[in-house]
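Q: My file is structure06.cif. It has mmCIF, C-alpha atoms:
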data_upload
#
loop_
_atom_site.label_atom_id
_atom_site.label_comp_id
_atom_site.auth_asym_id
_atom_site.auth_seq_id
_atom_site.Cartn_x
_atom_site.Cartn_y
_atom_site.Cartn_z
CA MET A 1 -82.97 207.69 -27.37
CA THR A 2 -81.57 207.02 -24.04
CA GLU A 3 -84.71 208.09 -22.21
CA THR A 4 -86.84 206.15 -24.57
CA GLN A 5 -84.84 203.14 -23.80
CA GLN A 6 -85.14 203.81 -20.10
CA SER A 7 -88.90 204.32 -20.32
CA LYS A 8 -89.22 201.08 -22.20
CA ARG A 9 -87.24 199.25 -19.50
CA SER A 10 -89.30 200.60 -16.59
CA PRO A 11 -92.60 198.77 -17.24
CA ARG A 12 -90.68 195.55 -17.91
CA GLY A 13 -88.88 195.84 -14.50
CA GLY A 14 -92.18 196.37 -12.62
CA LEU A 15 -93.80 193.38 -14.22
CA GLY A 16 -90.79 191.20 -13.36
CA LEU A 17 -90.89 192.21 -9.74
CA GLY A 18 -94.53 191.24 -9.40
CA LEU A 19 -93.91 187.94 -11.08
CA LYS A 20 -91.01 187.24 -8.79
CA SER A 21 -93.03 188.13 -5.73
CA GLY A 22 -95.78 185.81 -6.85
CA ILE A 23 -93.42 182.92 -7.43
CA LEU A 24 -91.76 183.54 -4.05
CA ALA A 25 -95.11 183.61 -2.31
CA ALA A 26 -96.22 180.44 -4.07
CA SER A 27 -93.00 178.71 -3.16
CA PHE A 28 -93.28 179.75 0.43
CA GLY A 29 -96.84 178.50 0.49
CA ALA A 30 -95.76 175.20 -1.05
CA VAL A 31 -93.06 174.78 1.58
CA LEU A 32 -95.52 175.52 4.35
CA LEU A 33 -98.00 173.06 2.90
CA GLY A 34 -95.29 170.46 2.56
CA TRP A 35 -94.13 170.82 6.16
CA THR A 36 -97.73 170.63 7.34
CA MET A 37 -98.38 167.43 5.38
CA LEU A 38 -95.11 165.92 6.49
CA ALA A 39 -95.90 166.61 10.09
CA GLN A 40 -99.27 164.89 9.69
CA THR A 41 -97.65 161.86 8.01
CA GLU A 42 -95.06 161.46 10.75
CA THR A 43 -97.72 161.60 13.40
CA ALA A 44 -99.66 158.82 11.66
CA ALA A 45 -96.64 156.65 10.76
CA PRO A 46 -96.08 154.75 14.10
CA THR A 47 -99.65 153.58 14.17
CA GLN A 48 -99.45 152.19 10.64
CA ALA A 49 -96.10 150.47 11.25
CA ALA A 50 -97.23 148.82 14.45
CA ALA A 51 -100.16 147.09 12.91
CA PRO A 52 -98.31 144.65 10.61
CA GLN A 53 -95.89 143.65 13.40
CA GLN A 54 -98.76 142.61 15.57
CA GLN A 55 -100.19 140.61 12.72
CA VAL A 56 -96.87 138.73 12.17
CA ALA A 57 -96.61 137.95 15.84
CA ALA A 58 -100.13 136.62 15.83
CA VAL A 59 -99.40 134.40 12.87
CA GLN A 60 -96.15 133.15 14.37
CA ALA A 61 -97.51 132.31 17.76
CA PRO A 62 -99.17 128.99 16.92
CA VAL A 63 -96.15 127.86 14.92
CA LEU A 64 -93.76 128.45 17.75
CA ILE A 65 -95.60 126.80 20.59
CA GLY A 66 -93.21 124.61 22.49
CA GLN A 67 -90.28 125.43 20.25
CA LEU A 68 -88.95 128.79 21.26
CA SER A 69 -89.28 130.94 24.30
CA ALA A 70 -86.98 133.66 23.11
CA ALA A 71 -86.95 137.11 21.66
CA PRO A 72 -88.89 138.36 18.61
CA SER A 73 -85.72 138.17 16.50
CA ALA A 74 -85.58 134.42 17.09
CA ASN A 75 -89.20 134.17 16.00
CA ILE A 76 -88.50 135.93 12.74
CA ARG A 77 -85.61 133.58 12.09
CA THR A 78 -87.79 130.51 12.46
CA MET A 79 -90.28 131.94 10.00
CA ALA A 80 -87.51 132.19 7.43
CA VAL A 81 -86.81 128.45 7.50
CA PRO A 82 -89.53 126.58 5.68
CA SER A 83 -87.92 123.19 6.40
CA MET A 84 -86.17 122.53 3.13
CA PRO A 85 -85.93 118.84 2.30
CA ARG A 86 -82.44 117.68 3.21
CA ARG A 87 -80.62 114.73 1.74
CA PRO A 88 -79.76 112.34 4.58
CA VAL A 89 -76.11 111.55 5.13
CA PHE A 90 -76.86 107.88 5.75
CA VAL A 91 -79.39 105.68 4.00
CA ARG A 92 -78.06 102.50 5.55
CA PRO A 93 -75.75 101.58 8.44
CA ILE A 94 -72.25 102.72 7.60
CA THR A 95 -70.62 99.72 9.22
CA ARG A 96 -71.34 96.89 11.64
CA THR A 97 -69.91 95.37 14.74
CA ARG A 98 -68.10 92.11 14.12
CA ALA A 99 -66.95 89.32 16.30
CA SER A 100 -63.22 89.62 16.86
CA MET B 1 -69.21 115.33 1.87
CA MET B 2 -68.22 111.96 3.20
CA ARG B 3 -64.69 110.76 2.40
CA GLU B 4 -63.65 107.18 2.91
CA HIS B 5 -60.44 105.21 3.02
CA ARG B 6 -60.17 101.42 3.34
CA PHE B 7 -57.15 99.25 3.84
CA ARG B 8 -55.99 96.12 5.58
CA ALA B 9 -53.80 96.16 8.67
CA MET B 10 -53.32 94.16 11.86
CA ASN B 11 -54.96 91.15 10.18
CA THR B 12 -58.25 92.99 9.84
CA ASP B 13 -60.17 95.30 7.53
CA VAL B 14 -59.87 98.94 8.51
CA ALA B 15 -62.06 101.78 7.26
CA ALA B 16 -61.98 105.48 8.08
CA TRP B 17 -64.60 108.08 7.21
CA LEU B 18 -64.29 111.83 7.39
CA TRP B 19 -67.11 114.33 6.87
CA SER B 20 -65.23 117.20 5.27
CA ASP B 21 -65.10 119.34 2.16
CA SER B 22 -61.40 120.02 2.59
CA VAL B 23 -59.22 119.11 -0.35
CA LEU B 24 -56.84 117.62 2.20
CA ALA B 25 -59.42 115.23 3.65
CA GLN B 26 -58.17 112.29 1.62
CA VAL B 27 -54.61 113.04 2.70
CA ARG B 28 -55.69 113.01 6.34
CA LEU B 29 -57.39 109.65 5.82
CA GLY B 30 -54.21 108.31 4.27
CA GLU B 31 -52.40 109.21 7.48
CA VAL B 32 -54.67 106.79 9.33
CA GLU B 33 -53.24 103.94 7.28
CA THR B 34 -49.72 105.14 8.05
CA LEU B 35 -50.55 105.11 11.76
CA PHE B 36 -51.91 101.56 11.63
CA THR B 37 -48.83 100.44 9.72
CA GLN B 38 -46.62 101.91 12.44
CA VAL B 39 -48.62 100.32 15.26
CA GLU B 40 -48.56 96.93 13.56
CA ALA B 41 -44.84 97.15 12.87
CA GLU B 42 -44.18 97.93 16.53
CA LEU B 43 -46.74 95.80 18.37
CA SER B 44 -47.44 92.69 16.30
CA ARG B 45 -46.33 89.47 17.95
CA PHE B 46 -46.21 87.83 14.53
CA ARG B 47 -43.47 90.13 13.25
CA PRO B 48 -40.04 89.04 14.48
CA ALA B 49 -38.64 92.55 14.11
CA SER B 50 -41.39 94.32 16.06
CA GLY B 51 -40.64 95.97 19.37
CA LEU B 52 -43.04 93.54 21.03
CA SER B 53 -41.28 90.47 19.59
CA ARG B 54 -37.91 91.81 20.69
CA LEU B 55 -39.17 92.35 24.23
CA ASN B 56 -40.78 88.89 24.34
CA ALA B 57 -37.51 87.38 23.12
CA MET B 58 -35.67 89.10 25.96
CA ALA B 59 -37.97 87.73 28.69
CA GLY B 60 -35.93 86.79 31.73
CA ALA B 61 -32.93 88.76 30.50
CA ARG B 62 -31.99 92.40 30.72
CA PRO B 63 -34.47 95.28 30.32
CA GLU B 64 -35.17 96.29 26.74
CA ARG B 65 -35.53 99.83 25.45
CA ILE B 66 -38.99 100.28 23.92
CA SER B 67 -40.54 103.02 21.80
CA PRO B 68 -42.85 105.72 23.22
CA LEU B 69 -45.75 104.13 21.31
CA PHE B 70 -44.99 100.76 22.91
CA GLN B 71 -44.69 102.37 26.35
CA THR B 72 -48.08 104.04 25.97
CA VAL B 73 -49.93 100.89 24.89
CA LEU B 74 -48.15 98.67 27.42
CA GLY B 75 -48.96 101.18 30.17
CA ALA B 76 -52.64 101.17 29.13
CA ALA B 77 -52.66 97.35 29.10
CA LEU B 78 -51.14 97.08 32.57
CA ASP B 79 -53.61 99.67 33.91
CA ALA B 80 -56.48 97.68 32.40
CA ALA B 81 -55.16 94.48 33.97
CA ASP B 82 -55.01 96.20 37.34
CA GLU B 83 -58.46 97.73 36.97
CA SER B 84 -60.05 94.41 35.96
CA GLY B 85 -58.39 92.44 38.73
CA GLY B 86 -56.34 90.53 36.19
CA ILE B 87 -59.28 89.23 34.11
CA PHE B 88 -57.82 91.27 31.30
CA ASP B 89 -54.24 90.05 31.18
CA PRO B 90 -51.84 91.00 28.37
CA THR B 91 -49.40 88.30 29.48
CA VAL B 92 -51.36 85.24 28.37
CA LEU B 93 -49.23 84.75 25.29
CA ASP B 94 -47.85 81.47 26.56
CA SER B 95 -51.38 80.15 27.17
CA LEU B 96 -52.39 81.23 23.68
CA ARG B 97 -49.45 79.42 22.19
CA ARG B 98 -50.14 76.28 24.16
CA ALA B 99 -53.73 76.43 22.97
CA GLY B 100 -52.38 76.50 19.43
CA TYR B 101 -52.69 80.18 18.55
CA ASP B 102 -49.04 80.47 17.60
CA ARG B 103 -49.27 82.23 14.25
CA SER B 104 -51.38 84.88 12.55
CA PHE B 105 -54.94 83.58 12.32
CA GLU B 106 -54.93 84.16 8.57
CA LEU B 107 -52.58 81.14 8.38
CA PHE B 108 -54.91 78.86 10.36
CA SER B 109 -56.92 75.94 9.05
CA THR B 110 -60.18 74.96 10.78
CA GLU B 111 -58.62 71.96 12.48
CA ASP B 112 -55.17 72.83 13.52
CA GLY B 113 -53.30 70.09 15.36
CA ASN B 114 -49.98 71.65 15.99
CA SER B 115 -47.66 69.28 17.89
CA CYS B 116 -48.74 67.42 20.99
CA ALA B 117 -48.20 70.12 23.55
CA VAL B 118 -50.24 69.48 26.63
CA LEU B 119 -52.88 71.99 27.66
CA GLU B 120 -52.02 72.35 31.26
CA LYS B 121 -52.10 75.53 33.25
CA GLU B 122 -48.91 76.49 34.96
CA SER B 123 -50.24 76.99 38.44
CA ASN B 124 -47.60 79.44 39.56
CA ARG B 125 -46.81 81.19 36.34
CA ALA B 126 -45.87 84.86 36.42
CA ASP B 127 -48.49 87.35 35.29
CA TRP B 128 -48.89 91.02 34.42
CA ARG B 129 -47.83 92.10 37.91
CA GLN B 130 -44.27 91.00 37.18
CA VAL B 131 -43.97 93.15 34.06
CA GLN B 132 -41.62 96.07 34.67
CA LEU B 133 -42.20 99.30 32.78
CA ASP B 134 -40.15 102.41 33.41
CA THR B 135 -41.40 105.23 31.22
CA SER B 136 -38.83 107.68 32.59
CA LEU B 137 -36.05 105.50 31.16
CA GLY B 138 -38.12 104.12 28.28
CA ILE B 139 -37.42 100.51 29.19
CA ALA B 140 -39.40 97.37 30.01
CA ARG B 141 -38.56 93.90 31.27
CA LEU B 142 -40.45 90.63 31.31
CA PRO B 143 -39.81 87.77 33.72
CA ALA B 144 -38.68 84.45 32.26
CA GLY B 145 -41.45 82.49 30.58
CA LEU B 146 -43.77 85.46 30.18
CA GLY B 147 -44.84 86.90 26.85
CA LEU B 148 -47.03 89.84 25.90
CA ASP B 149 -49.95 89.83 23.48
CA LEU B 150 -51.26 93.36 22.94
CA GLY B 151 -53.39 92.52 19.89
CA GLY B 152 -56.81 93.74 20.99
CA ILE B 153 -55.79 96.74 23.04
CA ALA B 154 -53.23 97.81 20.42
CA LYS B 155 -55.93 97.79 17.76
CA GLY B 156 -58.24 99.76 20.04
CA TRP B 157 -55.50 102.25 20.79
CA ALA B 158 -54.81 102.70 17.06
CA VAL B 159 -58.51 103.37 16.42
CA ASP B 160 -58.57 105.96 19.22
CA ARG B 161 -55.42 107.69 18.03
CA ALA B 162 -56.60 107.71 14.39
CA THR B 163 -59.96 109.20 15.34
CA GLU B 164 -58.28 111.90 17.41
CA MET B 165 -56.04 112.74 14.44
CA LEU B 166 -59.10 113.29 12.24
CA THR B 167 -61.24 115.18 14.76
CA SER B 168 -60.04 118.66 13.88
CA TRP B 169 -60.95 118.04 10.22
CA GLY B 170 -64.57 117.10 10.76
CA ALA B 171 -66.81 114.37 12.08
CA ALA B 172 -64.92 111.09 11.80
CA LEU B 173 -65.37 107.37 12.26
CA VAL B 174 -62.61 104.77 12.31
CA ASP B 175 -63.46 101.07 12.25
CA ALA B 176 -60.94 98.26 12.62
CA GLY B 177 -62.66 94.92 12.28
CA GLY B 178 -65.79 96.12 14.07
CA ASP B 179 -64.00 97.93 16.88
CA LEU B 180 -64.72 101.56 16.17
CA ARG B 181 -64.87 105.09 17.44
CA ALA B 182 -66.76 108.17 16.29
CA THR B 183 -66.34 111.85 16.97
CA ALA B 184 -69.27 114.16 16.30
CA ALA B 185 -72.21 113.54 13.99
CA PRO B 186 -71.83 114.39 10.30
CA ASP B 187 -74.33 117.11 9.40
CA GLY B 188 -76.05 116.40 12.71
CA GLU B 189 -76.80 112.75 11.88
CA PRO B 190 -75.52 110.09 14.26
CA TRP B 191 -73.44 107.29 12.77
CA PRO B 192 -75.69 104.26 12.27
CA ILE B 193 -73.82 101.16 13.42
CA ALA B 194 -75.44 97.80 12.80
CA VAL B 195 -74.89 95.10 15.40
CA GLN B 196 -74.08 91.81 13.74
CA ASP B 197 -75.93 88.64 14.68
CA PRO B 198 -73.12 86.39 15.97
CA PHE B 199 -75.02 83.28 14.89
CA ASP B 200 -75.73 84.53 11.38
CA GLU B 201 -73.01 86.80 10.06
CA MET B 202 -75.15 87.92 7.13
CA ASN B 203 -77.81 89.25 9.49
CA ASP B 204 -77.89 92.33 11.72
CA LEU B 205 -79.83 92.50 14.98
CA PHE B 206 -80.36 96.24 15.29
CA VAL B 207 -78.76 99.64 14.81
CA ILE B 208 -76.98 101.78 17.36
CA SER B 209 -77.01 105.50 16.59
CA LEU B 210 -73.61 106.68 17.69
CA ILE B 211 -72.80 110.38 18.00
CA GLU B 212 -69.55 110.14 19.89
CA GLY B 213 -67.74 107.30 21.57
CA ALA B 214 -66.55 103.80 20.87
CA ILE B 215 -67.91 100.31 20.34
CA ALA B 216 -65.97 97.07 20.58
CA THR B 217 -66.96 93.45 20.43
CA SER B 218 -65.42 90.29 21.85
CA SER B 219 -66.61 86.90 20.79
CA ILE B 220 -65.71 83.25 21.00
CA GLY B 221 -67.47 82.70 17.68
CA LYS B 222 -64.45 83.87 15.72
CA ARG B 223 -60.89 82.59 15.70
CA ARG B 224 -61.87 79.07 16.65
CA TRP B 225 -59.96 75.91 15.99
CA GLU B 226 -59.73 72.38 17.29
CA ARG B 227 -56.91 70.93 19.25
CA GLN B 228 -56.62 67.46 20.71
CA GLY B 229 -60.31 67.06 20.01
CA GLN B 230 -61.25 70.19 21.96
CA ALA B 231 -62.80 73.36 20.59
CA MET B 232 -60.39 76.25 21.08
CA HIS B 233 -60.71 80.00 20.74
CA HIS B 234 -58.49 82.98 21.35
CA LEU B 235 -60.05 84.35 24.54
CA ILE B 236 -57.93 82.98 27.35
CA ASP B 237 -59.29 83.06 30.89
CA PRO B 238 -56.22 84.01 32.96
CA ARG B 239 -57.68 82.20 35.96
CA SER B 240 -57.41 78.84 34.19
CA GLY B 241 -54.89 79.59 31.46
CA ARG B 242 -57.32 78.00 28.99
CA PRO B 243 -59.83 79.30 26.46
CA SER B 244 -62.74 80.79 28.38
CA ARG B 245 -65.68 78.50 29.17
CA SER B 246 -68.01 81.48 29.64
CA ASP B 247 -71.76 81.21 29.06
CA LEU B 248 -71.48 84.22 26.78
CA ASN B 249 -70.83 83.97 23.07
CA THR B 250 -70.46 87.65 22.23
CA VAL B 251 -70.24 90.93 24.13
CA THR B 252 -70.46 94.38 22.55
CA VAL B 253 -69.61 97.36 24.75
CA LEU B 254 -69.99 101.12 24.33
CA ALA B 255 -67.35 103.21 26.09
CA PRO B 256 -65.66 106.59 25.72
CA THR B 257 -62.63 105.05 23.99
CA THR B 258 -62.10 101.96 21.87
CA ALA B 259 -59.35 100.66 24.13
CA GLU B 260 -61.72 100.84 27.11
CA ALA B 261 -64.54 99.20 25.14
CA GLU B 262 -62.18 96.48 23.94
CA VAL B 263 -61.01 95.66 27.48
CA ALA B 264 -64.52 95.80 28.96
CA ALA B 265 -65.96 93.53 26.25
CA LYS B 266 -63.25 90.96 26.81
CA VAL B 267 -63.57 91.06 30.61
CA ALA B 268 -67.39 90.86 30.53
CA LEU B 269 -67.24 87.90 28.15
CA ILE B 270 -64.78 85.99 30.34
CA LEU B 271 -66.78 86.77 33.49
CA GLY B 272 -70.01 85.45 31.98
CA GLN B 273 -73.59 86.68 31.80
CA HIS B 274 -74.21 87.54 35.44
CA ALA B 275 -70.82 88.85 36.56
CA GLY B 276 -70.20 90.42 33.16
CA LYS B 277 -73.39 92.46 33.39
CA ARG B 278 -72.43 93.57 36.90
CA TYR B 279 -68.96 94.56 35.69
CA LEU B 280 -70.46 96.82 33.01
CA ASP B 281 -73.10 98.23 35.36
CA GLU B 282 -70.52 99.16 37.98
CA ARG B 283 -68.59 101.15 35.39
CA GLY B 284 -71.63 102.82 33.88
CA LEU B 285 -70.99 101.18 30.53
CA ALA B 286 -73.67 100.12 28.07
CA GLY B 287 -73.49 96.89 26.17
CA VAL B 288 -75.09 93.90 24.54
CA LEU B 289 -74.56 90.44 26.01
CA ILE B 290 -75.39 87.44 23.84
CA GLY B 291 -75.29 84.04 25.49
CA VAL B 292 -73.98 80.83 23.95
CA HIS B 293 -77.60 79.79 23.39
CA GLY B 294 -78.59 83.11 21.85
CA ARG B 295 -80.05 84.89 24.87
CA LEU B 296 -79.71 88.63 24.32
CA GLU B 297 -79.45 91.11 27.16
CA LEU B 298 -79.06 94.87 26.90
CA VAL B 299 -77.06 96.57 29.64
CA GLY B 300 -77.07 100.24 30.61
CA ASN B 301 -78.57 103.18 28.80
CA LEU B 302 -78.35 101.84 25.28
CA GLN B 303 -80.48 103.55 22.66
CA ILE B 304 -81.04 101.10 19.86
CA VAL B 305 -83.24 101.12 16.83
CA ASP B 306 -84.59 97.99 15.29
CA ILE B 307 -82.85 97.38 11.99
CA VAL B 308 -86.13 97.22 10.06
CA SER B 309 -87.48 100.33 11.76
CA TRP B 310 -84.31 102.23 11.01
CA GLU B 311 -84.34 101.37 7.32
CA SER B 312 -88.05 102.12 7.07
CA HIS B 313 -87.53 105.47 8.76
CA LYS B 314 -84.79 106.34 6.31
CA THR B 315 -86.81 105.39 3.25
CA GLY B 316 -89.94 107.12 4.54
CA ALA B 317 -91.97 103.93 4.84
CA ALA B 318 -94.01 103.11 7.91
CA PRO B 319 -91.80 101.83 10.71
CA ALA B 320 -92.04 98.16 11.36
CA CYS B 321 -92.79 96.98 14.87
CA ARG B 322 -90.38 94.29 15.77
CA HIS B 323 -88.82 93.64 19.10
CA SER B 324 -85.07 93.59 19.13
CA ASP B 325 -84.89 92.55 22.73
CA GLY B 326 -84.87 88.80 22.93
#
Could you take the file, read its structure, and then write that structure out as structure tokens?
A:
Amino acid sequence: MTETQQSKRSPRGGLGLGLKSGILAASFGAVLLGWTMLAQTETAAPTQAAAPQQQVAAVQAPVLIGQLSAAPSANIRTMAVPSMPRRPVFVRPITRTRAS
Amino acid sequence: MMREHRFRAMNTDVAAWLWSDSVLAQVRLGEVETLFTQVEAELSRFRPASGLSRLNAMAGARPERISPLFQTVLGAALDAADESGGIFDPTVLDSLRRAGYDRSFELFSTEDGNSCAVLEKESNRADWRQVQLDTSLGIARLPAGLGLDLGGIAKGWAVDRATEMLTSWGAALVDAGGDLRATAAPDGEPWPIAVQDPFDEMNDLFVISLIEGAIATSSIGKRRWERQGQAMHHLIDPRSGRPSRSDLNTVTVLAPTTAEAEVAAKVALILGQHAGKRYLDERGLAGVLIGVHGRLELVGNLQIVDIVSWESHKTGAAPACRHSDG
């Protein structure tokens, strides 16, 4: 009985080992593939990020002529202010000079 | 938001504005009225109990102890007299009285024939140079026959002090009968001050955009009366002891402080068109001189906006083209 049980266990253990090896190999391959793809993405990333910045600067340039001579951060700030209509403080003279 | 407080003091309408969201803004504006009340109580010549009346009553007698407020304003008045060569003279009270200005102008009628006092200048009368002020002891003394009238400069000083009190709370403007001072521009907008047409009180000539500084006006068009058949007004020329016979009707001056603007406007008016313009030019002051026949002259670097253009600009309409310079 005991042997029978052992003989029954033996084929099951061999099959499990192969399956495990396969999964391990597949995982390793997936990791390698992932690292490879990531490396490619990182290499390409600076090029893609630079393009939109240049486009913004090109769009801003005509708007800022004669207004600002400063850093890019100042340019971005001016773009964020679309001249909201503001209620004037005074709609008529607040007082007048008088003969005294 | 703009807060406002109006009241009457020193025989004139006073208004104070403060650009502030503070819940205490209205309290601060109320303190302006308290200040004016204190200045009037101390420096009015029409109040028998004022420090000024007490000093005038003691002329020729012993020195009188006066308050720090009185010392400050009297010191400023004597400095102004010195600086103007005596054309601004705070000691013309006797001349004013002899001309008939012997009570608050609110009690005047158009033709006021008070007694038959003769309008003669005392050729050797004392003047501001004989006033003794000792701030270390807090005392002052007037020679016999001399009286002080600090009306204009006291009002200017009160406007200056009130504006300085409000400054730390926001952009402020204080106006006492057209003599005014501003500090800073509320929300970046200068204070628009209309300049009244002295020949048509309902009309304004143009607008001055004031960011910071003071404006004061002197005129012979107001506070007029008749005496012994002669037209009188309150601006005494110390050189004659009589109401000024200047060729100017009204002078408006811009200066750093209201007290300075008040003095300069009075001096320029008494000096007349030519010498008055030179006086302002020499001190780098801007102003508007209006002659007795309506001739208007702008002096100094005065940025004005035509009243119609200003209103059109504010309402978004096309600006009108009208010359303000006559």
Q: May I have the residues of chain B within 10 Å of chain A, counting all atoms listed in the file, written as a PyMOL selection string?
A: chain B and resi 1-2+12+15+17+19+152+173-180+185-198+201+204+206-209+215-223+234-235+249-252+262+307+310-315
Q: Can I get the selected residues back with C-alpha atoms, as an mmCIF file, in the frame of the given file?
A:
data_model
loop_
_atom_site.group_PDB
_atom_site.id
_atom_site.type_symbol
_atom_site.label_atom_id
_atom_site.label_comp_id
_atom_site.auth_asym_id
_atom_site.auth_seq_id
_atom_site.Cartn_x
_atom_site.Cartn_y
_atom_site.Cartn_z
ATOM 1 C CA MET B 1 -69.210 115.330 1.870
ATOM 2 C CA MET B 2 -68.220 111.960 3.200
ATOM 3 C CA THR B 12 -58.250 92.990 9.840
ATOM 4 C CA ALA B 15 -62.060 101.780 7.260
ATOM 5 C CA TRP B 17 -64.600 108.080 7.210
ATOM 6 C CA TRP B 19 -67.110 114.330 6.870
ATOM 7 C CA GLY B 152 -56.810 93.740 20.990
ATOM 8 C CA LEU B 173 -65.370 107.370 12.260
ATOM 9 C CA VAL B 174 -62.610 104.770 12.310
ATOM 10 C CA ASP B 175 -63.460 101.070 12.250
ATOM 11 C CA ALA B 176 -60.940 98.260 12.620
ATOM 12 C CA GLY B 177 -62.660 94.920 12.280
ATOM 13 C CA GLY B 178 -65.790 96.120 14.070
ATOM 14 C CA ASP B 179 -64.000 97.930 16.880
ATOM 15 C CA LEU B 180 -64.720 101.560 16.170
ATOM 16 C CA ALA B 185 -72.210 113.540 13.990
ATOM 17 C CA PRO B 186 -71.830 114.390 10.300
ATOM 18 C CA ASP B 187 -74.330 117.110 9.400
ATOM 19 C CA GLY B 188 -76.050 116.400 12.710
ATOM 20 C CA GLU B 189 -76.800 112.750 11.880
ATOM 21 C CA PRO B 190 -75.520 110.090 14.260
ATOM 22 C CA TRP B 191 -73.440 107.290 12.770
ATOM 23 C CA PRO B 192 -75.690 104.260 12.270
ATOM 24 C CA ILE B 193 -73.820 101.160 13.420
ATOM 25 C CA ALA B 194 -75.440 97.800 12.800
ATOM 26 C CA VAL B 195 -74.890 95.100 15.400
ATOM 27 C CA GLN B 196 -74.080 91.810 13.740
ATOM 28 C CA ASP B 197 -75.930 88.640 14.680
ATOM 29 C CA PRO B 198 -73.120 86.390 15.970
ATOM 30 C CA GLU B 201 -73.010 86.800 10.060
ATOM 31 C CA ASP B 204 -77.890 92.330 11.720
ATOM 32 C CA PHE B 206 -80.360 96.240 15.290
ATOM 33 C CA VAL B 207 -78.760 99.640 14.810
ATOM 34 C CA ILE B 208 -76.980 101.780 17.360
ATOM 35 C CA SER B 209 -77.010 105.500 16.590
ATOM 36 C CA ILE B 215 -67.910 100.310 20.340
ATOM 37 C CA ALA B 216 -65.970 97.070 20.580
ATOM 38 C CA THR B 217 -66.960 93.450 20.430
ATOM 39 C CA SER B 218 -65.420 90.290 21.850
ATOM 40 C CA SER B 219 -66.610 86.900 20.790
ATOM 41 C CA ILE B 220 -65.710 83.250 21.000
ATOM 42 C CA GLY B 221 -67.470 82.700 17.680
ATOM 43 C CA LYS B 222 -64.450 83.870 15.720
ATOM 44 C CA ARG B 223 -60.890 82.590 15.700
ATOM 45 C CA HIS B 234 -58.490 82.980 21.350
ATOM 46 C CA LEU B 235 -60.050 84.350 24.540
ATOM 47 C CA ASN B 249 -70.830 83.970 23.070
ATOM 48 C CA THR B 250 -70.460 87.650 22.230
ATOM 49 C CA VAL B 251 -70.240 90.930 24.130
ATOM 50 C CA THR B 252 -70.460 94.380 22.550
ATOM 51 C CA GLU B 262 -62.180 96.480 23.940
ATOM 52 C CA ILE B 307 -82.850 97.380 11.990
ATOM 53 C CA TRP B 310 -84.310 102.230 11.010
ATOM 54 C CA GLU B 311 -84.340 101.370 7.320
ATOM 55 C CA SER B 312 -88.050 102.120 7.070
ATOM 56 C CA HIS B 313 -87.530 105.470 8.760
ATOM 57 C CA LYS B 314 -84.790 106.340 6.310
ATOM 58 C CA THR B 315 -86.810 105.390 3.250
#
Q: Would you kindly return, as a PyMOL selection string, each protein, DNA or RNA residue with an atom no farther than 9 Å from any atom of Glu260 (chain B), considering all atoms listed in the file and excluding same-chain residues fewer than 4 positions away?
A: chain B and resi 80+153+156-157+214+216+253-256+264-265
Q: Need the neighbours of (-40.5, 105.9, 21.3): which residues are at most 12 Å away, counting all atoms listed in the file, as a PyMOL selection string?
A: chain B and resi 38-39+42+51+65-73+135-139
Q: What is the CA of Thr167 (chain B)-CA of Glu40 (chain B) distance in Å, reported with one decimal?
A: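 Taking CA of Thr167 (chain B) as the start and CA of Glu40 (chain B) as the end point, the length is 22.3 Å.
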Q: Please compute the CA of Arg129 (chain B)-CA of Thr91 (chain B) distance, one decimal, in Å.
A: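 Taking CA of Arg129 (chain B) as the start and CA of Thr91 (chain B) as the end point, the length is 9.4 Å.
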Q: Do you have the CA of Asp82 (chain B)-CA of Ala261 (chain B) distance handy?
A: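 Answer for the CA of Asp82 (chain B) to CA of Ala261 (chain B) separation: 15.8 Å.
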Q: Could you add whatever atoms are missing so that region 84-91 of chain A carries N, CA and C atoms, then write the result as a CSV table (one decimal), in the coordinates of the input?
A:
chain,number,residue,atom,x,y,z
A,84,MET,N,-86.6,123.0,4.4
A,84,MET,CA,-86.2,122.5,3.1
A,84,MET,C,-85.9,121.0,3.2
A,85,PRO,N,-86.3,120.3,2.3
A,85,PRO,CA,-85.9,118.8,2.3
A,85,PRO,C,-84.4,118.7,2.2
A,86,ARG,N,-83.9,117.9,3.1
A,86,ARG,CA,-82.4,117.7,3.2
A,86,ARG,C,-82.1,116.2,2.9
A,87,ARG,N,-81.1,116.1,2.1
A,87,ARG,CA,-80.6,114.7,1.7
A,87,ARG,C,-79.9,114.1,3.0
A,88,PRO,N,-80.4,112.9,3.4
A,88,PRO,CA,-79.8,112.3,4.6
A,88,PRO,C,-78.3,111.9,4.3
A,89,VAL,N,-77.5,112.0,5.3
A,89,VAL,CA,-76.1,111.6,5.1
A,89,VAL,C,-76.1,110.0,5.0
A,90,PHE,N,-76.9,109.3,5.8
A,90,PHE,CA,-76.9,107.9,5.8
A,90,PHE,C,-78.2,107.3,5.3
A,91,VAL,N,-78.2,106.4,4.4
A,91,VAL,CA,-79.4,105.7,4.0
A,91,VAL,C,-79.3,104.2,4.5
